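Enquirer: Below you'll find coords-v2.cif; it's mmCIF, C-alpha atoms.
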```
data_start
loop_
_atom_site.label_atom_id
_atom_site.label_comp_id
_atom_site.auth_asym_id
_atom_site.auth_seq_id
_atom_site.Cartn_x
_atom_site.Cartn_y
_atom_site.Cartn_z
CA MET A 16 50.22 103.91 98.02
CA PRO A 17 53.10 101.52 98.87
CA GLY A 18 54.62 99.39 96.14
CA LYS A 19 54.93 102.09 93.48
CA ILE A 20 58.69 101.59 93.17
CA LYS A 21 58.33 97.86 92.49
CA ASP A 22 55.67 98.61 89.88
CA MET A 23 57.92 101.15 88.17
CA ILE A 24 60.91 98.77 88.17
CA ASP A 25 58.80 95.91 86.81
CA THR A 26 57.44 98.16 84.05
CA ILE A 27 60.92 99.32 83.02
CA ILE A 28 62.23 95.76 82.86
CA GLU A 29 59.13 94.47 81.05
CA GLN A 30 59.07 97.24 78.43
CA ARG A 31 62.76 97.07 77.74
CA ALA A 32 63.20 93.28 77.81
CA GLN A 33 60.16 92.51 75.64
CA GLY A 34 59.97 89.00 77.05
CA SER A 35 63.69 88.17 76.86
CA HIS A 36 64.95 86.70 80.14
CA ILE A 37 68.56 87.45 79.19
CA ILE A 38 67.82 91.12 78.57
CA ALA A 39 65.72 91.28 81.73
CA SER A 40 68.62 90.05 83.85
CA THR A 41 71.00 92.49 82.17
CA ILE A 42 68.62 95.38 82.87
CA LYS A 43 68.43 94.27 86.48
CA ILE A 44 72.23 94.53 86.71
CA LYS A 45 72.12 97.94 85.03
CA LEU A 46 69.59 99.10 87.63
CA ILE A 47 71.77 97.81 90.47
CA LEU A 48 74.77 99.66 89.02
CA LYS A 49 72.60 102.79 88.82
CA GLY A 50 71.90 102.41 92.56
CA ILE A 51 68.46 100.78 92.45
CA ASN A 52 68.37 97.13 93.50
CA PRO A 53 65.11 95.59 92.23
CA ASP A 54 65.32 92.80 94.83
CA LYS A 55 65.03 95.32 97.64
CA TYR A 56 61.56 96.53 96.64
CA THR A 57 58.31 94.65 97.20
CA ALA A 58 54.62 95.48 96.89
CA GLU A 59 54.82 96.68 100.50
CA SER A 60 57.84 98.99 100.09
CA PRO A 61 57.07 102.61 101.01
CA ASP A 62 57.03 105.15 98.18
CA ASN A 63 60.39 106.85 98.59
CA ILE A 64 60.11 110.00 96.47
CA LYS A 65 63.88 110.14 95.86
CA VAL A 66 63.83 106.67 94.26
CA ILE A 67 60.61 107.40 92.35
CA ASN A 68 62.16 110.56 90.87
CA LYS A 69 65.27 108.61 89.92
CA LEU A 70 63.16 105.96 88.15
CA ASN A 71 61.11 108.62 86.34
CA LYS A 72 64.31 110.23 85.09
CA LEU A 73 65.66 106.86 84.02
CA ALA A 74 62.44 106.01 82.15
CA GLU A 75 62.74 109.34 80.35
CA GLU A 76 66.33 108.57 79.32
CA LEU A 77 65.26 105.13 78.14
CA ARG A 78 62.30 106.69 76.34
CA LEU A 79 59.87 104.44 78.18
CA LYS A 80 56.40 105.36 79.42
CA LEU A 81 55.65 104.43 83.02
CA MET B 1 90.77 78.80 61.28
CA ASN B 2 88.90 82.08 61.48
CA VAL B 3 91.41 84.03 63.56
CA ILE B 4 95.17 84.16 63.81
CA THR B 5 97.23 85.77 66.54
CA ALA B 6 100.67 87.30 66.39
CA TYR B 7 102.99 89.20 68.69
CA SER B 8 106.24 91.01 68.39
CA ASN B 9 108.66 92.69 70.73
CA LYS B 10 111.19 93.80 68.15
CA ALA B 11 113.02 97.04 68.67
CA ASN B 12 111.04 99.41 66.49
CA LEU B 13 107.64 99.74 64.88
CA GLU B 14 108.83 99.02 61.37
CA GLN B 15 110.33 95.71 62.44
CA ILE B 16 107.27 94.93 64.55
CA THR B 17 104.77 95.45 61.75
CA GLN B 18 106.96 93.39 59.39
CA ASP B 19 107.10 90.66 62.02
CA LEU B 20 103.31 90.70 62.51
CA THR B 21 102.71 90.62 58.75
CA GLN B 22 105.02 87.63 58.39
CA GLN B 23 103.23 85.78 61.18
CA PHE B 24 99.83 86.48 59.60
CA GLY B 25 101.17 85.16 56.31
CA GLU B 26 98.50 84.65 53.66
CA PHE B 27 95.62 84.87 56.12
CA ASP B 28 92.64 86.60 54.50
CA THR B 29 92.22 89.37 57.06
CA LYS B 30 88.98 91.31 57.40
CA MET B 31 89.73 93.11 60.68
CA VAL B 32 92.69 93.52 63.05
CA LEU B 33 92.51 94.15 66.77
CA PHE B 34 95.79 94.99 68.49
CA PHE B 35 97.09 95.97 71.89
CA ALA B 36 100.35 97.90 72.13
CA SER B 37 102.67 98.71 74.98
CA SER B 38 102.79 102.42 75.77
CA THR B 39 106.53 102.31 75.10
CA PHE B 40 105.77 102.82 71.40
CA ASP B 41 105.05 106.28 70.01
CA PRO B 42 101.25 106.46 69.82
CA ASP B 43 100.88 108.41 66.59
CA GLN B 44 103.39 106.25 64.76
CA THR B 45 101.86 103.07 66.17
CA ALA B 46 98.40 104.02 64.94
CA ALA B 47 99.59 105.14 61.52
CA GLN B 48 101.93 102.22 60.94
CA MET B 49 99.45 99.54 62.05
CA GLN B 50 96.76 100.95 59.76
CA ALA B 51 99.20 101.32 56.85
CA THR B 52 100.39 97.74 57.30
CA PHE B 53 96.89 96.31 56.99
CA ASN B 54 95.72 98.87 54.47
CA ASN B 55 92.00 99.42 54.03
CA ILE B 56 90.51 97.08 56.63
CA PRO B 57 89.36 98.10 60.13
CA VAL B 58 92.40 98.17 62.44
CA PHE B 59 91.85 99.23 66.02
CA GLY B 60 93.25 98.83 69.51
CA CYS B 61 94.70 100.67 72.48
CA THR B 62 97.70 101.07 74.75
CA THR B 63 98.24 98.62 77.58
CA ALA B 64 99.76 97.94 80.95
CA GLY B 65 100.96 94.59 79.61
CA GLU B 66 99.90 92.35 76.77
CA ILE B 67 98.44 88.85 76.53
CA VAL B 68 98.74 86.52 73.57
CA THR B 69 98.07 82.80 73.16
CA GLY B 70 99.97 81.14 76.01
CA LYS B 71 101.92 84.21 77.11
CA MET B 72 101.82 87.36 79.20
CA LEU B 73 104.13 89.97 77.74
CA LYS B 74 105.52 93.45 78.24
CA ASN B 75 106.82 96.05 75.80
CA SER B 76 105.25 94.26 72.84
CA ILE B 77 102.41 94.53 70.36
CA VAL B 78 99.91 91.68 70.17
CA ALA B 79 97.40 91.38 67.36
CA MET B 80 94.52 89.21 66.27
CA ALA B 81 93.40 89.01 62.66
CA PHE B 82 89.82 87.99 61.92
CA ASN B 83 88.58 86.70 58.57
CA ALA B 84 85.19 87.17 56.93
CA ASP B 85 83.95 83.83 58.26
CA ILE B 86 83.97 85.20 61.80
CA ILE B 87 83.19 88.90 61.31
CA GLU B 88 80.38 89.70 58.89
CA ASP B 89 80.34 93.43 59.53
CA ILE B 90 81.87 96.04 61.84
CA ASP B 91 81.56 99.76 62.39
CA ILE B 92 83.98 101.70 64.58
CA GLN B 93 83.17 105.05 66.13
CA VAL B 94 85.39 107.23 68.32
CA VAL B 95 83.90 109.43 71.02
CA GLU B 96 86.30 112.29 71.66
CA ASN B 97 86.63 114.98 74.35
CA LEU B 98 85.41 112.81 77.21
CA SER B 99 86.71 115.34 79.73
CA LYS B 100 84.15 117.89 78.54
CA GLY B 101 81.47 115.75 80.22
CA GLY B 102 78.10 114.71 78.89
CA THR B 103 77.24 111.74 76.76
CA GLN B 104 76.26 113.34 73.46
CA GLY B 105 79.27 111.73 71.78
CA VAL B 106 77.92 108.29 72.69
CA ASP B 107 74.51 109.19 71.25
CA HIS B 108 76.23 110.40 68.08
CA ALA B 109 78.18 107.14 67.78
CA PHE B 110 74.96 105.16 68.09
CA ALA B 111 73.30 107.29 65.42
CA LYS B 112 76.22 106.36 63.15
CA PHE B 113 75.78 102.68 64.00
CA LYS B 114 72.13 102.98 62.97
CA GLN B 115 73.19 104.46 59.64
CA HIS B 116 75.82 101.81 59.04
CA PHE B 117 73.72 98.78 59.95
CA ARG B 118 70.45 100.34 58.73
CA GLN B 119 68.75 99.36 61.94
CA PRO B 120 68.26 101.12 65.30
CA VAL B 121 70.74 99.66 67.77
CA LEU B 122 67.96 99.22 70.32
CA THR B 123 66.21 96.71 68.06
CA MET B 124 69.31 94.69 67.19
CA ASP B 125 69.34 91.02 68.23
CA ILE B 126 71.65 90.45 71.22
CA ASN B 127 72.61 87.07 69.75
CA GLN B 128 73.76 88.59 66.46
CA TYR B 129 75.64 91.73 67.48
CA VAL B 130 78.26 92.51 70.12
CA GLY B 131 80.30 95.59 70.91
CA ILE B 132 83.87 96.21 72.00
CA ILE B 133 84.69 99.34 73.97
CA LEU B 134 88.21 100.66 74.51
CA ILE B 135 88.46 103.82 76.56
CA ASP B 136 91.12 106.20 77.84
CA GLY B 137 92.06 104.62 81.16
CA LEU B 138 92.84 107.94 82.79
CA SER B 139 89.67 109.74 81.70
CA GLY B 140 87.59 108.80 84.73
CA ALA B 141 84.68 108.73 82.29
CA GLU B 142 84.09 104.98 82.09
CA GLU B 143 80.98 104.91 84.30
CA ARG B 144 79.34 107.77 82.41
CA VAL B 145 80.06 106.25 79.01
CA MET B 146 79.01 102.72 79.96
CA ASP B 147 75.87 103.99 81.65
CA ARG B 148 74.81 105.76 78.46
CA VAL B 149 75.74 102.79 76.28
CA GLY B 150 73.51 100.67 78.52
CA ASP B 151 70.66 103.14 78.15
CA LEU B 152 70.91 103.14 74.36
CA THR B 153 71.13 99.42 73.73
CA ASN B 154 70.44 95.93 75.02
CA LEU B 155 73.52 94.66 73.18
CA LEU B 156 76.53 93.80 75.29
CA PHE B 157 79.59 95.99 74.99
CA VAL B 158 82.68 94.47 76.56
CA GLY B 159 86.15 95.92 76.83
CA GLY B 160 88.59 97.77 78.95
CA SER B 161 90.35 100.95 79.92
CA ALA B 162 93.62 101.54 78.07
CA GLY B 163 96.78 101.45 80.16
CA ASP B 164 100.21 103.01 80.02
CA ASP B 165 102.45 100.46 81.72
CA VAL B 166 101.57 101.79 85.19
CA LYS B 167 102.98 105.26 84.50
CA PHE B 168 99.52 106.86 84.84
CA GLU B 169 100.42 109.66 82.44
CA LYS B 170 98.53 109.20 79.17
CA THR B 171 96.66 106.40 77.45
CA TYR B 172 95.42 106.06 73.87
CA VAL B 173 92.87 104.24 71.79
CA TYR B 174 93.69 103.52 68.16
CA ALA B 175 91.45 103.63 65.10
CA ASN B 176 91.45 105.02 61.56
CA GLY B 177 95.25 105.26 61.65
CA LYS B 178 95.09 107.77 64.50
CA ALA B 179 95.85 107.74 68.22
CA TYR B 180 93.16 109.32 70.38
CA SER B 181 93.50 110.37 74.02
CA ASP B 182 90.55 111.55 76.15
CA ALA B 183 88.44 109.29 73.96
CA ALA B 184 86.44 106.07 73.81
CA LEU B 185 86.35 103.69 70.88
CA LEU B 186 83.13 101.82 70.25
CA ALA B 187 83.24 98.94 67.78
CA LEU B 188 79.93 97.31 66.94
CA MET B 189 80.36 93.94 65.27
CA LYS B 190 78.11 91.42 63.63
CA PRO B 191 79.94 88.11 64.07
CA LYS B 192 79.01 85.18 61.86
CA ILE B 193 79.51 82.68 64.67
CA GLN B 194 78.26 82.28 68.21
CA PHE B 195 79.90 84.44 70.87
CA ASP B 196 79.59 84.94 74.59
CA ILE B 197 81.06 86.88 77.50
CA LEU B 198 83.11 85.32 80.28
CA LYS B 199 83.65 87.43 83.41
CA THR B 200 85.55 86.04 86.33
CA GLN B 201 87.04 87.81 89.29
CA SER B 202 88.52 85.12 91.52
CA PHE B 203 86.98 86.51 94.70
CA CYS B 204 84.41 85.20 97.12
CA ALA B 205 82.12 87.39 99.19
CA LEU B 206 82.52 87.46 102.96
CA ASP B 207 79.75 88.25 105.45
CA GLN B 208 81.05 91.72 106.27
CA LYS B 209 78.93 94.49 104.67
CA LEU B 210 80.02 98.06 104.05
CA ILE B 211 77.38 100.62 103.13
CA ALA B 212 78.75 103.70 101.39
CA THR B 213 76.99 106.29 103.54
CA LYS B 214 78.95 109.33 102.32
CA VAL B 215 80.69 109.54 98.97
CA ASP B 216 82.26 111.97 96.54
CA GLU B 217 81.08 110.29 93.34
CA PRO B 218 83.01 112.36 90.76
CA LYS B 219 86.25 111.72 92.67
CA ARG B 220 85.47 107.98 93.08
CA THR B 221 86.00 108.53 96.80
CA ILE B 222 84.20 107.00 99.75
CA ILE B 223 84.22 109.29 102.75
CA GLU B 224 82.17 107.11 105.09
CA PHE B 225 81.22 103.45 105.27
CA ASN B 226 78.51 102.53 107.80
CA ASN B 227 78.53 106.18 109.02
CA LYS B 228 82.18 105.88 110.11
CA PRO B 229 85.30 107.21 108.42
CA ALA B 230 85.83 104.91 105.44
CA THR B 231 89.27 103.68 106.52
CA VAL B 232 88.05 102.89 110.05
CA ALA B 233 85.05 100.88 108.84
CA TYR B 234 87.12 99.06 106.18
CA ALA B 235 89.84 98.19 108.73
CA GLU B 236 87.18 96.89 111.15
CA ALA B 237 85.66 94.73 108.42
CA VAL B 238 89.03 93.28 107.42
CA GLY B 239 90.14 92.92 111.03
CA CYS B 240 93.29 95.01 110.79
CA SER B 241 94.55 98.37 111.98
CA VAL B 242 93.78 101.56 110.05
CA GLU B 243 97.50 101.90 109.37
CA ASP B 244 97.59 98.45 107.78
CA ALA B 245 94.33 98.84 105.79
CA ALA B 246 95.90 99.79 102.45
CA ASN B 247 97.98 96.61 102.50
CA HIS B 248 94.76 94.61 102.23
CA PHE B 249 93.30 96.48 99.25
CA MET B 250 94.50 94.09 96.56
CA LEU B 251 93.35 90.86 98.20
CA ASN B 252 90.31 92.32 99.98
CA PRO B 253 88.49 94.70 97.65
CA VAL B 254 84.73 95.18 97.96
CA GLY B 255 81.97 94.00 95.67
CA LEU B 256 78.55 95.16 94.64
CA MET B 257 76.69 91.86 94.74
CA VAL B 258 74.34 90.80 91.99
CA GLY B 259 73.06 87.53 93.41
CA ASP B 260 76.23 85.60 94.19
CA GLU B 261 78.34 87.47 91.66
CA PRO B 262 80.46 90.43 92.78
CA TYR B 263 80.97 93.50 90.61
CA VAL B 264 84.33 94.38 92.11
CA ARG B 265 85.14 97.89 93.29
CA SER B 266 88.86 98.11 94.01
CA PRO B 267 90.25 100.51 96.59
CA GLN B 268 93.21 102.44 95.24
CA GLN B 269 94.58 104.58 98.07
CA ILE B 270 93.82 106.29 101.36
CA GLN B 271 93.51 110.08 101.38
CA ASP B 272 93.04 111.47 104.90
CA GLN B 273 90.46 108.99 106.22
CA ASN B 274 88.79 108.57 102.84
CA ILE B 275 89.30 105.70 100.41
CA VAL B 276 89.77 106.49 96.72
CA PHE B 277 88.56 103.71 94.40
CA TYR B 278 89.39 102.68 90.84
CA CYS B 279 85.70 103.02 90.00
CA ASN B 280 82.67 104.87 91.16
CA VAL B 281 80.56 103.81 94.14
CA LEU B 282 77.15 105.44 94.52
CA GLU B 283 75.90 106.67 97.88
CA ASP B 284 73.86 104.13 99.89
CA THR B 285 75.33 101.22 97.94
CA GLU B 286 75.78 98.09 100.02
CA LEU B 287 79.07 96.36 99.32
CA SER B 288 80.43 93.04 100.51
CA LEU B 289 83.99 92.57 101.62
CA LEU B 290 85.70 90.14 99.23
CA GLU B 291 88.49 87.64 99.70
CA ALA B 292 90.90 86.61 96.97
CA GLN B 293 90.79 83.03 95.72
CA ASP B 294 93.31 81.08 93.65
CA MET B 295 93.32 83.13 90.43
CA ILE B 296 94.85 80.42 88.27
CA ALA B 297 92.45 77.69 89.39
CA ASP B 298 89.45 80.02 89.22
CA THR B 299 90.23 81.30 85.72
CA LYS B 300 90.95 77.79 84.45
CA GLN B 301 87.64 76.56 85.88
CA ALA B 302 85.71 79.53 84.45
CA LEU B 303 87.18 78.88 81.00
CA GLU B 304 86.43 75.15 81.19
CA ASN B 305 82.85 75.88 82.21
CA LYS B 306 82.40 78.25 79.29
CA GLN B 307 83.92 75.71 76.90
CA LYS B 308 81.47 73.09 78.13
CA GLN B 309 78.57 75.52 77.84
CA MET B 310 79.47 76.59 74.28
CA GLY B 311 80.81 73.25 73.08
CA SER B 312 84.12 74.82 72.05
CA ILE B 313 85.94 78.17 71.97
CA SER B 314 87.92 79.24 68.93
CA ALA B 315 89.11 82.71 69.99
CA ILE B 316 89.39 84.86 73.10
CA ILE B 317 89.83 88.59 73.66
CA ASN B 318 90.85 88.97 77.31
CA PHE B 319 90.45 92.28 79.14
CA HIS B 320 92.52 91.59 82.23
CA CYS B 321 92.80 94.01 85.12
CA ILE B 322 96.26 95.34 85.89
CA LEU B 323 95.65 94.58 89.58
CA ARG B 324 95.33 90.91 88.70
CA THR B 325 98.52 91.16 86.64
CA LEU B 326 100.34 92.79 89.55
CA GLU B 327 99.15 90.01 91.85
CA LEU B 328 100.34 87.38 89.35
CA GLU B 329 103.69 89.16 89.09
CA ALA B 330 104.07 89.32 92.87
CA LYS B 331 103.33 85.59 93.11
CA ASN B 332 105.49 84.73 90.10
CA LEU B 333 102.49 83.24 88.30
CA MET B 334 102.53 85.16 85.01
CA GLU B 335 103.64 82.11 83.03
CA ASP B 336 101.02 79.90 84.67
CA TYR B 337 98.29 82.40 83.81
CA GLY B 338 99.44 82.68 80.19
CA GLN B 339 99.43 78.89 79.93
CA ILE B 340 95.70 78.79 80.66
CA PHE B 341 95.23 80.24 77.18
CA SER B 342 97.83 78.18 75.35
CA ASP B 343 95.34 76.04 73.40
CA ILE B 344 93.02 78.80 72.21
CA PRO B 345 93.98 81.75 69.98
CA THR B 346 93.95 84.64 72.46
CA ILE B 347 94.90 88.27 72.69
CA GLY B 348 94.39 90.63 75.56
CA LEU B 349 95.79 93.40 77.65
CA SER B 350 96.27 94.42 81.23
CA THR B 351 93.70 97.18 81.64
CA TYR B 352 93.01 100.06 83.97
CA GLY B 353 89.49 98.64 84.47
CA GLU B 354 87.09 96.45 82.54
CA SER B 355 83.82 97.27 80.86
CA TYR B 356 80.88 94.92 81.10
CA ILE B 357 77.44 96.44 81.64
CA GLY B 358 79.28 98.97 83.81
CA HIS B 359 82.84 99.84 84.77
CA ILE B 360 84.40 97.13 86.92
CA ASN B 361 87.74 96.23 88.46
CA GLN B 362 89.90 93.20 89.17
CA THR B 363 88.29 90.89 86.64
CA ALA B 364 89.23 88.95 83.57
CA THR B 365 86.40 89.88 81.24
CA MET B 366 86.55 88.08 77.93
CA LEU B 367 84.77 88.11 74.62
CA VAL B 368 84.83 84.50 73.43
CA PHE B 369 83.91 83.08 70.04
CA LYS B 370 82.73 79.52 69.41
#
```
Mind converting the file's structure to structure tokens?

Expert:
Amino acid sequence: MPGKIKDMIDTIIEQRAQGSHIIASTIKIKLILKGINPDKYTAESPDNIKVINKLNKLAEELRLKL
Amino acid sequence: MNVITAYSNKANLEQITQDLTQQFGEFDTKMVLFFASSTFDPDQTAAQMQATFNNIPVFGCTTAGEIVTGKMLKNSIVAMAFNADIIEDIDIQVVENLSKGGTQGVDHAFAKFKQHFRQPVLTMDINQYVGIILIDGLSGAEERVMDRVGDLTNLLFVGGSAGDDVKFEKTYVYANGKAYSDAALLALMKPKIQFDILKTQSFCALDQKLIATKVDEPKRTIIEFNNKPATVAYAEAVGCSVEDAANHFMLNPVGLMVGDEPYVRSPQQIQDQNIVFYCNVLEDTELSLLEAQDMIADTKQALENKQKQMGSISAIINFHCILRTLELEAKNLMEDYGQIFSDIPTIGLSTYGESYIGHINQTATMLVFK
């Protein structure tokens, strides 16, 4: 199912930012520095397992549920 | 006046601390931040600075040059005293043994912050708390530490990597009357007044893209850009010969773009056909070639913009990359740069890298108070 990566990224940002635009933009920068650029993934992006695993690991470190 | 700055370049530590004390006068000091040239003995510096200001938090690090209101200095100690009207509360934690790897020390520091402030750091209001990080500039651990800090909190931690006057031998952070090497200092503060971060890098992005297709992350080394030897691809992007490539590093670093804003990654040296950087670049990262702009004009403009945005600025802590300082020195612009900060109480240092969300290079990254 394409688009899983975008969903995961959106969930991480949403859960962590809790509605704050400032925190959301900071998390976006953190993701880019971690090697995942949110702007590069759309609802049509293929499900790259390497990126999905990386996001799962990140969610675990952030104690978020995807 | 909520802060006061002082500097001294007297011959020895005893005279320096006396000089600083005299300059601070009767100021009701709650906390002291200082930056000291590596020419001073680290253990004595730490002990004497703490003893001078007695039982208040006193912290800082070694430098590759110092900045104080209106001046760029060398072989000095600069200090900023804060009163209780600007700093409501502060807790300082030191993470030691960075070279052993891992990030448990950072987790431990955050557990201590929770105890001190009686609130989990993750739930703290980003408008009420801000952190300063000072880290051993030769540890190579900045990315790891900042990454973990970012995982544990939404608060901004800003700071820099301690220097040693470009000797690249040993750097120290100072707290609790002690000098720590192989360590990071995390200071979490609750200011009483509005604060903000100003990051400027005085570069613009060019069209040339370099994708890091093969890297040695722990060694901060790029082996291939665009599937070519790193030096070849970099030289092609700049439009110079491979032999001349290193001469362009300072004015043409590369940037990880976040929108229009570069997070600068500065090349340090060529090893074989690889390029060693001052900070980590992850594999598959797309970087833009950057071109240096007028640093004085850019910094002045960035400060004016921030002043307009905040209404006023009453104090600045400037974490200023040594590469920018070297460029200013080469162009004989040190005095001009210092003058930018002549009207606002300022201290700062020339760093071995700046900390803001991650580990970055070739910026002036400042914590500013309204």

Enquirer: The PyMOL selection byres ((chain B) within 9 of (chain A)) - which residues does that actually catch in the file I just gave you? List them as a PyMOL selection string.

Expert: chain B and resi 126+147-148+150-152+154-156+256-258+263+281-285+357-358

Enquirer: Pick from B:Ala330, B:Ala184, B:Ala292, B:Val130: nearest to Ala162 in chain B, with all atoms listed in the file counted?

Expert: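 Looking only at the distances to Ala162 in chain B, the closest residue turns out to be B:Ala184.
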
Enquirer: (62.3, 97.4, 91.7) in this file's frame - what residues fall within 6 Å of it? Use only C-alpha atoms and give the answer as a PyMOL selection string.

Expert: chain A and resi 20-21+24+53+56

Enquirer: Excluding same-chain residues fewer than 3 positions from Ala183 in chain B, what lies within 12 Å of it counting all atoms listed in the file, as a VMD selection string?

Expert: chain B and resid 61 93 to 101 103 105 to 106 133 to 142 145 161 to 162 170 to 175 178 to 180 186

Enquirer: For Thr21 in chain B, list every protein, DNA or RNA residue within 9 Å, evaluated using only C-alpha atoms, and leave out those in the same chain fewer than 5 positions away; present the list as a ChimeraX atom specification.

Expert: /B:6,16,26,52-53

Enquirer: Find the distance between CA of Phe277 in chain B and CA of Gly159 in chain B and write it in Å to one decimal.

Expert: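 About the pair CA of Phe277 in chain B and CA of Gly159 in chain B: they are 19.4 Å apart.
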
Enquirer: Between CA of Leu333 in chain B and CA of Ala64 in chain B, what is the distance, to one decimal in Å?

Expert: 16.7 Å

Enquirer: Please identify all polymer residues lying at most 10 Å from the point (79.5, 77.3, 69.3) (file coordinates), using only C-alpha atoms, and present the result as a list of chain:residue names.

Expert: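 Protein and nucleic acid residues near the point are B:Ile193, B:Gln194, B:Phe195, B:Asp196, B:Gln307, B:Lys308, B:Gln309, B:Met310, B:Gly311, B:Ser312, B:Ile313, B:Ser314, B:Val368, B:Phe369, B:Lys370.
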
Enquirer: For this structure, which residues satisfy the selection - the PyMOL selection byres ((chain B and resi 280) around 8) - when it is evaluated on the file as given? I want them as a PDB file with C-alpha atoms, in the frame of the given file.

Expert:
```pdb
ATOM      1  CA  GLU B 143      80.980 104.910  84.300  1.00  0.00           C
ATOM      2  CA  GLU B 217      81.080 110.290  93.340  1.00  0.00           C
ATOM      3  CA  PRO B 218      83.010 112.360  90.760  1.00  0.00           C
ATOM      4  CA  LYS B 219      86.250 111.720  92.670  1.00  0.00           C
ATOM      5  CA  ARG B 220      85.470 107.980  93.080  1.00  0.00           C
ATOM      6  CA  THR B 221      86.000 108.530  96.800  1.00  0.00           C
ATOM      7  CA  ARG B 265      85.140  97.890  93.290  1.00  0.00           C
ATOM      8  CA  PHE B 277      88.560 103.710  94.400  1.00  0.00           C
ATOM      9  CA  TYR B 278      89.390 102.680  90.840  1.00  0.00           C
ATOM     10  CA  CYS B 279      85.700 103.020  90.000  1.00  0.00           C
ATOM     11  CA  VAL B 281      80.560 103.810  94.140  1.00  0.00           C
ATOM     12  CA  LEU B 282      77.150 105.440  94.520  1.00  0.00           C
TER      13      LEU B 282
END
```

Enquirer: So that I can see what lies close to Leu206 in chain B, please list as a ChimeraX atom specification the residues with an atom at most 7 Å from it, counting only C-alpha atoms and leaving out residues fewer than 4 positions away in the same chain.

Expert: /B:288-291

Enquirer: Which value, in Å to one decimal, gives the distance between CA of Val158 in chain B and CA of Glu335 in chain B?

Expert: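 Pair CA of Val158 in chain B / CA of Glu335 in chain B returns 25.2 Å.
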
Enquirer: For this structure, which residues satisfy the selection - the PyMOL selection byres ((chain A and resi 58) around 7) - when it is evaluated on the file as given? I want them as a PyMOL selection string.

Expert: chain A and resi 17-18+21+57+59-60

Enquirer: As a ChimeraX atom specification, please: the residues near Asp244 in chain B (cut-off 12 Å, all atoms listed in the file, same-chain neighbours under 2 positions excluded).

Expert: /B:231-232,234-236,238-242,246-249,269-270

Enquirer: Would you kindly return, as a ChimeraX atom specification, each protein, DNA or RNA residue with an atom no farther than 10 Å from any atom of Ile340 in chain B, considering all atoms listed in the file and excluding same-chain residues fewer than 6 positions away?

Expert: /B:69-71,296-297,299-301,303-304
